[in-house]
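Colleague: Let me begin by handing over the structure; questions about it come next.
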Amino acid sequence: MESYGQLKLDLINNGLVIPEDVRTVSEVICGYCDGRPGEEIALSLAENFIVKVPIKEPGEGRPQLKLSREVLKLHSRGEEIEVGIVPLPNFVREQMKKRSPVSENACIDGYCLNLFLRAVGQKSRLNLSRETILSVIKSAFEEGSADLVQLNLDYCREPDRGFTRLAPVVQAIKKEFSTFVALRGFPPKDKRSLDKVYAAGVDLLNLPLEGFVGTAKKDDVILPPMVHSALEYATGIFPPGTVWTELFLVPGPLDLLKEKINYLTGKGIVPLLKLIVPSIVTGEEHHRAAEAARYLEQSTQNAGLPLKWLFPHCRYLSPLDTRFFTNSPESAKLNAKPIYKSPLGRKALEGFAALRRKLRIKDVSDSYESAGL
């Protein structure tokens, strides 16, 4: 194994086989609900380097979890490496057993609680009520399974992309919990809606250029220039390092991807590279990922973008974890310590974010009023 990144790609591309005798191990049982093929399980390959992978039926060449002298080891490509199982939070497990709306719209990714929201019907409705959202967040924090919250807002035809519906939820979260809130959504038609998003309490903004779930109607196509424009506008509102976007790491030459990375970092936007399963798996995908990781790290450094706002992702390559793809397992580590894991730094940044938001709102009267601050 050349790197932990190679192992992560192998798992994403091929899935994981868990033999029957290993499924009864208590540590493994804690990682899933029923352990059936198709269900996902999260593995910790190294400290702060995780992957979420689907459980598969046995097949040639597929990574397999084994128990050797009471130690869990991952068998892949003729090698064995000790791994950890990330426990499935109890609140997620209970909801999965019920197959409730929460079970389909909540998951943990590293330190982050993800909630998947969409506008339904008229007025201010979302698929999850404000009370349900607050209850889920409370459960995640009480179990210690999350340090921040990301709200993923699906495609919405409304000009503001549903941000107005979301603002009261964000305000309620901020009032109830001491946490950072990230928003992943579509760019609004009027960029000034982003002022209102910031005023409501959103700390981190992700407007993906590629790969967001949801389909725009023919008369409301969201083209890359619209996303670029919204991202660039957002960098004038949000602190450095808190405006992100997503690009696919797909097979083929990297020249175009490198151009996109350079353009984005030059504008103060942090690119995240989504790791997707190629149509043909060759086993050499890690070499290309390593090259992209080296370029992403250098481009981010040249732009002077801070990395402390990023957190480990299950299915992404970010400027935070490039060395897991470029370095040997012995020397791989995060490029920065996430602010969420530093109590002192977290408290200081919470104060800074609150002060910065108040100063910004003074300059944007309509955002101030819309946020009710």
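Chain lettering (A, B, ...) mirrors the order of the structure tokens, residue numbering begins at 1 for each chain separately, and ligand numbering begins at 1 in order of display.
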Name the residues of range 24-169 of chain A that come out as strand (DSSP E) in a backbone DSSP run; write them as a short mmCIF file (atom, residue, chain, number, x, y, z; two decimals) with N, CA and C atoms, in the first residue's frame.
Modeller:
data_model
loop_
_atom_site.label_atom_id
_atom_site.label_comp_id
_atom_site.auth_asym_id
_atom_site.auth_seq_id
_atom_site.Cartn_x
_atom_site.Cartn_y
_atom_site.Cartn_z
N GLU A 40 -24.24 0.97 4.59
CA GLU A 40 -22.90 1.54 4.66
C GLU A 40 -22.32 1.41 6.05
N ILE A 41 -20.99 1.38 6.10
CA ILE A 41 -20.27 1.35 7.36
C ILE A 41 -19.08 2.30 7.22
N ALA A 42 -18.77 3.04 8.29
CA ALA A 42 -17.66 3.99 8.25
C ALA A 42 -16.44 3.40 8.92
N LEU A 43 -15.30 3.47 8.24
CA LEU A 43 -14.04 2.96 8.75
C LEU A 43 -13.09 4.10 9.02
N SER A 44 -12.33 3.99 10.09
CA SER A 44 -11.25 4.91 10.38
C SER A 44 -9.95 4.24 9.94
N LEU A 45 -9.39 4.72 8.83
CA LEU A 45 -8.16 4.13 8.29
C LEU A 45 -6.94 4.62 9.04
N ALA A 46 -7.02 5.83 9.55
CA ALA A 46 -5.96 6.45 10.34
C ALA A 46 -6.62 7.57 11.13
N PHE A 49 -8.78 10.25 9.31
CA PHE A 49 -8.92 9.86 7.90
C PHE A 49 -9.94 8.72 7.84
N ILE A 50 -11.12 9.03 7.32
CA ILE A 50 -12.25 8.11 7.37
C ILE A 50 -12.83 7.89 5.98
N VAL A 51 -13.57 6.80 5.86
CA VAL A 51 -14.26 6.50 4.61
C VAL A 51 -15.57 5.80 4.93
N LYS A 52 -16.60 6.14 4.20
CA LYS A 52 -17.88 5.45 4.34
C LYS A 52 -18.05 4.57 3.12
N VAL A 53 -18.29 3.29 3.35
CA VAL A 53 -18.25 2.32 2.25
C VAL A 53 -19.44 1.39 2.32
N PRO A 54 -20.01 1.01 1.17
CA PRO A 54 -21.14 0.07 1.18
C PRO A 54 -20.69 -1.36 1.45
N ILE A 55 -21.49 -2.08 2.23
CA ILE A 55 -21.22 -3.50 2.48
C ILE A 55 -21.65 -4.29 1.25
N LYS A 56 -20.78 -5.19 0.80
CA LYS A 56 -21.02 -5.94 -0.44
C LYS A 56 -21.04 -7.45 -0.17
N GLN A 64 -11.85 -6.93 2.26
CA GLN A 64 -12.58 -7.76 3.22
C GLN A 64 -12.10 -7.46 4.63
N LEU A 65 -13.05 -7.43 5.56
CA LEU A 65 -12.73 -7.21 6.96
C LEU A 65 -12.49 -8.56 7.63
N LYS A 66 -11.39 -8.68 8.35
CA LYS A 66 -11.05 -9.93 9.01
C LYS A 66 -10.73 -9.68 10.48
N LEU A 67 -10.83 -10.75 11.26
CA LEU A 67 -10.51 -10.70 12.68
C LEU A 67 -9.29 -11.58 12.92
N SER A 68 -8.19 -10.94 13.33
CA SER A 68 -6.95 -11.66 13.57
C SER A 68 -6.49 -11.43 15.00
N VAL A 71 -8.13 -8.61 16.71
CA VAL A 71 -7.86 -7.29 16.13
C VAL A 71 -8.49 -7.24 14.74
N LEU A 72 -9.26 -6.18 14.47
CA LEU A 72 -9.89 -6.04 13.16
C LEU A 72 -8.86 -5.55 12.14
N LYS A 73 -8.80 -6.25 11.03
CA LYS A 73 -7.86 -5.87 9.98
C LYS A 73 -8.57 -5.88 8.63
N LEU A 74 -8.18 -4.95 7.80
CA LEU A 74 -8.73 -4.85 6.45
C LEU A 74 -7.77 -5.54 5.49
N HIS A 75 -8.31 -6.51 4.77
CA HIS A 75 -7.50 -7.23 3.78
C HIS A 75 -7.81 -6.65 2.41
N SER A 76 -6.79 -6.07 1.77
CA SER A 76 -6.98 -5.45 0.45
C SER A 76 -5.69 -5.56 -0.35
N GLU A 79 -2.62 -7.21 1.19
CA GLU A 79 -2.07 -6.64 2.41
C GLU A 79 -3.15 -6.58 3.49
N GLU A 80 -2.70 -6.51 4.74
CA GLU A 80 -3.61 -6.37 5.86
C GLU A 80 -3.21 -5.15 6.68
N ILE A 81 -4.20 -4.35 7.05
CA ILE A 81 -3.95 -3.16 7.85
C ILE A 81 -5.00 -3.05 8.94
N GLU A 82 -4.57 -2.68 10.12
CA GLU A 82 -5.50 -2.53 11.23
C GLU A 82 -6.36 -1.29 11.01
N GLY A 84 -10.23 0.89 12.31
CA GLY A 84 -11.24 1.06 13.35
C GLY A 84 -12.61 1.21 12.73
N ILE A 85 -13.62 0.89 13.48
CA ILE A 85 -15.01 1.06 13.05
C ILE A 85 -15.57 2.32 13.72
N ALA A 106 -30.55 12.21 7.61
CA ALA A 106 -29.53 12.59 8.59
C ALA A 106 -28.41 11.56 8.57
N CYS A 107 -27.18 12.05 8.64
CA CYS A 107 -26.03 11.14 8.72
C CYS A 107 -24.85 11.90 9.31
N ILE A 108 -23.84 11.16 9.75
CA ILE A 108 -22.63 11.74 10.30
C ILE A 108 -21.51 11.58 9.28
N ASP A 109 -20.77 12.66 9.03
CA ASP A 109 -19.60 12.62 8.15
C ASP A 109 -18.43 13.22 8.91
N CYS A 112 -19.03 16.05 11.38
CA CYS A 112 -20.17 16.85 10.94
C CYS A 112 -21.48 16.07 10.88
N LEU A 113 -22.53 16.65 11.47
CA LEU A 113 -23.88 16.13 11.33
C LEU A 113 -24.49 16.73 10.07
N ASN A 114 -24.85 15.89 9.11
CA ASN A 114 -25.48 16.33 7.87
C ASN A 114 -26.98 16.14 7.95
N LEU A 115 -27.73 17.19 7.66
CA LEU A 115 -29.18 17.11 7.55
C LEU A 115 -29.56 17.50 6.13
N PHE A 116 -30.39 16.68 5.48
CA PHE A 116 -30.76 16.88 4.08
C PHE A 116 -32.18 17.43 4.02
N LEU A 117 -32.29 18.65 3.55
CA LEU A 117 -33.55 19.37 3.58
C LEU A 117 -34.01 19.74 2.17
N LEU A 148 -20.17 19.96 14.51
CA LEU A 148 -20.79 21.04 13.74
C LEU A 148 -21.93 20.47 12.92
N VAL A 149 -22.72 21.36 12.32
CA VAL A 149 -23.91 20.95 11.58
C VAL A 149 -23.83 21.48 10.15
N GLN A 150 -24.14 20.62 9.18
CA GLN A 150 -24.26 21.07 7.79
C GLN A 150 -25.68 20.81 7.31
N LEU A 151 -26.32 21.88 6.83
CA LEU A 151 -27.65 21.79 6.25
C LEU A 151 -27.51 21.70 4.74
N ASN A 152 -27.98 20.61 4.17
CA ASN A 152 -27.90 20.40 2.72
C ASN A 152 -29.27 20.69 2.12
N LEU A 153 -29.39 21.80 1.41
CA LEU A 153 -30.67 22.23 0.87
C LEU A 153 -30.76 21.85 -0.60
#
Colleague: Give me the residues near range 124-139 of chain A as a PDB file with N, CA and C atoms, in the first residue's frame, where near means some atom within 9 Å (using only C-alpha atoms) and where sequence neighbours in that chain fewer than 2 positions away do not count.
Modeller:
ATOM      1  N   PRO A  89     -24.113   6.403  15.513  1.00  0.00           N
ATOM      2  CA  PRO A  89     -24.759   7.034  16.669  1.00  0.00           C
ATOM      3  C   PRO A  89     -26.096   6.369  16.994  1.00  0.00           C
ATOM      4  N   ASN A  90     -26.414   6.298  18.254  1.00  0.00           N
ATOM      5  CA  ASN A  90     -27.651   5.639  18.680  1.00  0.00           C
ATOM      6  C   ASN A  90     -28.888   6.292  18.085  1.00  0.00           C
ATOM      7  N   PHE A  91     -28.875   7.642  17.983  1.00  0.00           N
ATOM      8  CA  PHE A  91     -30.074   8.308  17.474  1.00  0.00           C
ATOM      9  C   PHE A  91     -30.298   7.969  16.006  1.00  0.00           C
ATOM     10  N   VAL A  92     -29.207   7.760  15.250  1.00  0.00           N
ATOM     11  CA  VAL A  92     -29.334   7.343  13.852  1.00  0.00           C
ATOM     12  C   VAL A  92     -29.827   5.902  13.781  1.00  0.00           C
ATOM     13  N   PRO A 101     -38.473   9.562   8.591  1.00  0.00           N
ATOM     14  CA  PRO A 101     -37.914  10.623   7.741  1.00  0.00           C
ATOM     15  C   PRO A 101     -36.512  11.037   8.175  1.00  0.00           C
ATOM     16  N   VAL A 102     -36.244  10.999   9.476  1.00  0.00           N
ATOM     17  CA  VAL A 102     -34.920  11.371   9.959  1.00  0.00           C
ATOM     18  C   VAL A 102     -33.872  10.385   9.456  1.00  0.00           C
ATOM     19  N   ASN A 105     -32.693  11.296   6.143  1.00  0.00           N
ATOM     20  CA  ASN A 105     -32.242  12.667   5.930  1.00  0.00           C
ATOM     21  C   ASN A 105     -31.236  13.150   6.963  1.00  0.00           C
ATOM     22  N   ALA A 106     -30.553  12.215   7.614  1.00  0.00           N
ATOM     23  CA  ALA A 106     -29.531  12.592   8.591  1.00  0.00           C
ATOM     24  C   ALA A 106     -28.411  11.563   8.569  1.00  0.00           C
ATOM     25  N   LEU A 113     -22.530  16.655  11.468  1.00  0.00           N
ATOM     26  CA  LEU A 113     -23.882  16.128  11.330  1.00  0.00           C
ATOM     27  C   LEU A 113     -24.492  16.730  10.072  1.00  0.00           C
ATOM     28  N   LEU A 115     -27.726  17.191   7.657  1.00  0.00           N
ATOM     29  CA  LEU A 115     -29.177  17.111   7.549  1.00  0.00           C
ATOM     30  C   LEU A 115     -29.560  17.504   6.131  1.00  0.00           C
ATOM     31  N   PHE A 116     -30.391  16.679   5.481  1.00  0.00           N
ATOM     32  CA  PHE A 116     -30.756  16.883   4.082  1.00  0.00           C
ATOM     33  C   PHE A 116     -32.180  17.427   4.021  1.00  0.00           C
ATOM     34  N   LEU A 117     -32.286  18.649   3.546  1.00  0.00           N
ATOM     35  CA  LEU A 117     -33.552  19.368   3.575  1.00  0.00           C
ATOM     36  C   LEU A 117     -34.006  19.739   2.166  1.00  0.00           C
ATOM     37  N   ARG A 118     -35.304  19.888   2.014  1.00  0.00           N
ATOM     38  CA  ARG A 118     -35.864  20.355   0.737  1.00  0.00           C
ATOM     39  C   ARG A 118     -37.166  21.101   1.013  1.00  0.00           C
ATOM     40  N   ALA A 119     -37.453  22.035   0.153  1.00  0.00           N
ATOM     41  CA  ALA A 119     -38.697  22.791   0.272  1.00  0.00           C
ATOM     42  C   ALA A 119     -39.852  21.911  -0.183  1.00  0.00           C
ATOM     43  N   VAL A 120     -40.937  21.926   0.583  1.00  0.00           N
ATOM     44  CA  VAL A 120     -42.129  21.152   0.222  1.00  0.00           C
ATOM     45  C   VAL A 120     -43.351  22.054   0.330  1.00  0.00           C
ATOM     46  N   GLY A 121     -44.232  21.951  -0.632  1.00  0.00           N
ATOM     47  CA  GLY A 121     -45.458  22.740  -0.594  1.00  0.00           C
ATOM     48  C   GLY A 121     -45.195  24.225  -0.678  1.00  0.00           C
ATOM     49  N   GLN A 122     -46.093  24.986  -0.109  1.00  0.00           N
ATOM     50  CA  GLN A 122     -46.014  26.441  -0.154  1.00  0.00           C
ATOM     51  C   GLN A 122     -45.508  27.004   1.170  1.00  0.00           C
ATOM     52  N   PHE A 141     -25.208  15.977  19.560  1.00  0.00           N
ATOM     53  CA  PHE A 141     -24.274  16.639  20.465  1.00  0.00           C
ATOM     54  C   PHE A 141     -24.205  15.923  21.812  1.00  0.00           C
ATOM     55  N   GLU A 142     -25.325  15.450  22.292  1.00  0.00           N
ATOM     56  CA  GLU A 142     -25.334  14.751  23.578  1.00  0.00           C
ATOM     57  C   GLU A 142     -24.537  13.452  23.509  1.00  0.00           C
ATOM     58  N   GLU A 143     -24.573  12.785  22.351  1.00  0.00           N
ATOM     59  CA  GLU A 143     -23.803  11.547  22.178  1.00  0.00           C
ATOM     60  C   GLU A 143     -22.336  11.827  21.876  1.00  0.00           C
ATOM     61  N   GLY A 144     -22.028  13.092  21.569  1.00  0.00           N
ATOM     62  CA  GLY A 144     -20.654  13.433  21.222  1.00  0.00           C
ATOM     63  C   GLY A 144     -20.246  12.944  19.854  1.00  0.00           C
ATOM     64  N   SER A 145     -21.219  12.737  18.958  1.00  0.00           N
ATOM     65  CA  SER A 145     -20.914  12.203  17.630  1.00  0.00           C
ATOM     66  C   SER A 145     -20.726  13.282  16.575  1.00  0.00           C
ATOM     67  N   ALA A 146     -20.903  14.557  16.935  1.00  0.00           N
ATOM     68  CA  ALA A 146     -20.737  15.633  15.957  1.00  0.00           C
ATOM     69  C   ALA A 146     -20.261  16.896  16.654  1.00  0.00           C
ATOM     70  N   VAL A 149     -22.718  21.364  12.319  1.00  0.00           N
ATOM     71  CA  VAL A 149     -23.909  20.954  11.578  1.00  0.00           C
ATOM     72  C   VAL A 149     -23.832  21.482  10.153  1.00  0.00           C
ATOM     73  N   GLY A 162     -34.754  28.676  -1.630  1.00  0.00           N
ATOM     74  CA  GLY A 162     -35.251  28.164  -0.360  1.00  0.00           C
ATOM     75  C   GLY A 162     -34.553  28.725   0.861  1.00  0.00           C
ATOM     76  N   THR A 164     -34.816  31.583   2.305  1.00  0.00           N
ATOM     77  CA  THR A 164     -35.725  32.288   3.216  1.00  0.00           C
ATOM     78  C   THR A 164     -36.426  31.302   4.147  1.00  0.00           C
ATOM     79  N   ARG A 165     -36.790  30.139   3.615  1.00  0.00           N
ATOM     80  CA  ARG A 165     -37.412  29.103   4.455  1.00  0.00           C
ATOM     81  C   ARG A 165     -36.437  28.612   5.529  1.00  0.00           C
ATOM     82  N   LEU A 166     -35.166  28.595   5.157  1.00  0.00           N
ATOM     83  CA  LEU A 166     -34.153  28.018   6.037  1.00  0.00           C
ATOM     84  C   LEU A 166     -33.711  28.973   7.141  1.00  0.00           C
ATOM     85  N   PRO A 168     -35.105  30.863   9.506  1.00  0.00           N
ATOM     86  CA  PRO A 168     -35.577  30.668  10.889  1.00  0.00           C
ATOM     87  C   PRO A 168     -34.983  29.429  11.549  1.00  0.00           C
ATOM     88  N   VAL A 169     -34.720  28.399  10.758  1.00  0.00           N
ATOM     89  CA  VAL A 169     -34.111  27.175  11.295  1.00  0.00           C
ATOM     90  C   VAL A 169     -32.694  27.464  11.769  1.00  0.00           C
ATOM     91  N   ALA A 172     -32.717  29.404  14.933  1.00  0.00           N
ATOM     92  CA  ALA A 172     -33.090  28.553  16.068  1.00  0.00           C
ATOM     93  C   ALA A 172     -31.913  27.695  16.514  1.00  0.00           C
ATOM     94  N   ILE A 173     -31.152  27.190  15.558  1.00  0.00           N
ATOM     95  CA  ILE A 173     -29.968  26.378  15.887  1.00  0.00           C
ATOM     96  C   ILE A 173     -28.963  27.219  16.654  1.00  0.00           C
ATOM     97  N   GLU A 176     -30.084  27.864  20.184  1.00  0.00           N
ATOM     98  CA  GLU A 176     -30.148  26.684  21.053  1.00  0.00           C
ATOM     99  C   GLU A 176     -28.778  26.074  21.329  1.00  0.00           C
ATOM    100  N   PHE A 177     -27.864  26.161  20.353  1.00  0.00           N
ATOM    101  CA  PHE A 177     -26.586  25.451  20.463  1.00  0.00           C
ATOM    102  C   PHE A 177     -25.410  26.364  20.160  1.00  0.00           C
TER     103      PHE A 177
END
Colleague: Neighbouring residues of range 57-61 of chain A were defined as those with any atom within 10 Å, considering only C-alpha atoms; residues of the same chain fewer than 3 positions away were excluded. Please report them as a list in words.
Modeller: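 Those residues are Asp10, Asn14, Gly15, Leu16, Val17, Ile18, Pro19, Arg36, Pro37, Gly38, Pro54, Gln64, His75, Ser76, Arg77 and Gly78 of chain A.
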Colleague: Just the number, please: distance in Å from CA of Lys175 in chain A to CA of Ala199 in chain A, one decimal.
Modeller: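 Distance between the two atoms: 13.5 Å.
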Colleague: Report the closest atom pair, with its distance in Å rounded to one decimal, for each residue of range 113-225 of chain A that has an atom no farther than 10 Å from range 308-328 of chain A; count only C-alpha atoms, sort by chain and then rising residue number, and write it as CSV.
Modeller:
residue,atom,partner,partner_atom,distance
A:Asp147,CA,A:Phe311,CA,9.9
A:Leu148,CA,A:Phe311,CA,9.5
A:Phe180,CA,A:Trp309,CA,9.7
A:Asp203,CA,A:Trp309,CA,9.5
A:Leu204,CA,A:Trp309,CA,8.1
Colleague: Separation of CA of Ala182 in chain A and CA of Phe248 in chain A, in Å?
Modeller: 20.4 Å
Colleague: Using only C-alpha atoms, what table do you get, as a tab-separated table, when you list each residue of range 104-173 of chain A with an atom no more than 12 Å from range 218-234 of chain A, its nearest pair of atoms, and their distance in Å rounded to one decimal, rows by chain then rising number?
Modeller:
residue	atom	partner	partner_atom	distance
A:Tyr155	CA	A:Ile222	CA	10.1
A:Cys156	CA	A:Asp220	CA	10.0
A:Arg157	CA	A:Asp220	CA	7.4
A:Glu158	CA	A:Asp220	CA	9.9
A:Pro159	CA	A:Asp220	CA	9.7
A:Asp160	CA	A:Ala230	CA	11.8
A:Arg161	CA	A:Ile222	CA	11.2
Colleague: Include N, CA and C atoms and write out the residues we just selected as a tab-separated table (two decimals), in the first residue's frame.
Modeller:
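After the write, selection.tsv holds the following:
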chain	number	residue	atom	x	y	z
A	155	TYR	N	-32.35	21.24	-4.51
A	155	TYR	CA	-32.76	22.21	-5.53
A	155	TYR	C	-34.17	22.74	-5.26
A	156	CYS	N	-34.32	24.04	-5.40
A	156	CYS	CA	-35.60	24.71	-5.19
A	156	CYS	C	-35.76	25.76	-6.28
A	157	ARG	N	-36.93	25.81	-6.91
A	157	ARG	CA	-37.15	26.74	-8.02
A	157	ARG	C	-37.32	28.18	-7.55
A	158	GLU	N	-37.57	28.38	-6.27
A	158	GLU	CA	-37.73	29.74	-5.77
A	158	GLU	C	-36.46	30.54	-6.03
A	159	PRO	N	-36.58	31.83	-6.35
A	159	PRO	CA	-35.40	32.64	-6.69
A	159	PRO	C	-34.30	32.61	-5.64
A	160	ASP	N	-34.67	32.49	-4.35
A	160	ASP	CA	-33.66	32.45	-3.29
A	160	ASP	C	-33.20	31.04	-2.98
A	161	ARG	N	-33.67	30.05	-3.76
A	161	ARG	CA	-33.33	28.62	-3.59
A	161	ARG	C	-33.74	28.06	-2.24
Colleague: Using only C-alpha atoms, which of A:Val83, A:Leu249, A:Leu88, A:Leu307 sits nearest Tyr32 in chain A?
Modeller: A:Leu88
Colleague: Applying 9 Å and only C-alpha atoms, which residues near Val250 in chain A remain after dropping the ones on its own chain fewer than 4 positions away? List them as a ChimeraX atom specification.
Modeller: /A:254,274-278
Colleague: As an exercise, work out the distance from CA of Thr265 in chain A to CA of Gly304 in chain A in Å and give it to one decimal place.
Modeller: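 CA of Thr265 in chain A sits 8.7 Å away from CA of Gly304 in chain A.
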Colleague: For Lys196 in chain A, which of A:Gln171, A:Val22, A:Arg294, A:Gly31 is the closest residue, counting only C-alpha atoms?
Modeller: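 Checking each of A:Gln171, A:Val22, A:Arg294, A:Gly31 against Lys196 in chain A, counting only C-alpha atoms, the winner is A:Gln171.
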Colleague: Excluding Leu257 in chain A and any residue of its chain fewer than 2 positions from it, enumerate the residues within 10 Å of it, using only C-alpha atoms, and give them as number ranges by chain.
Modeller: A: 247-250, 252-255, 259-263, 273, 292, 295-296
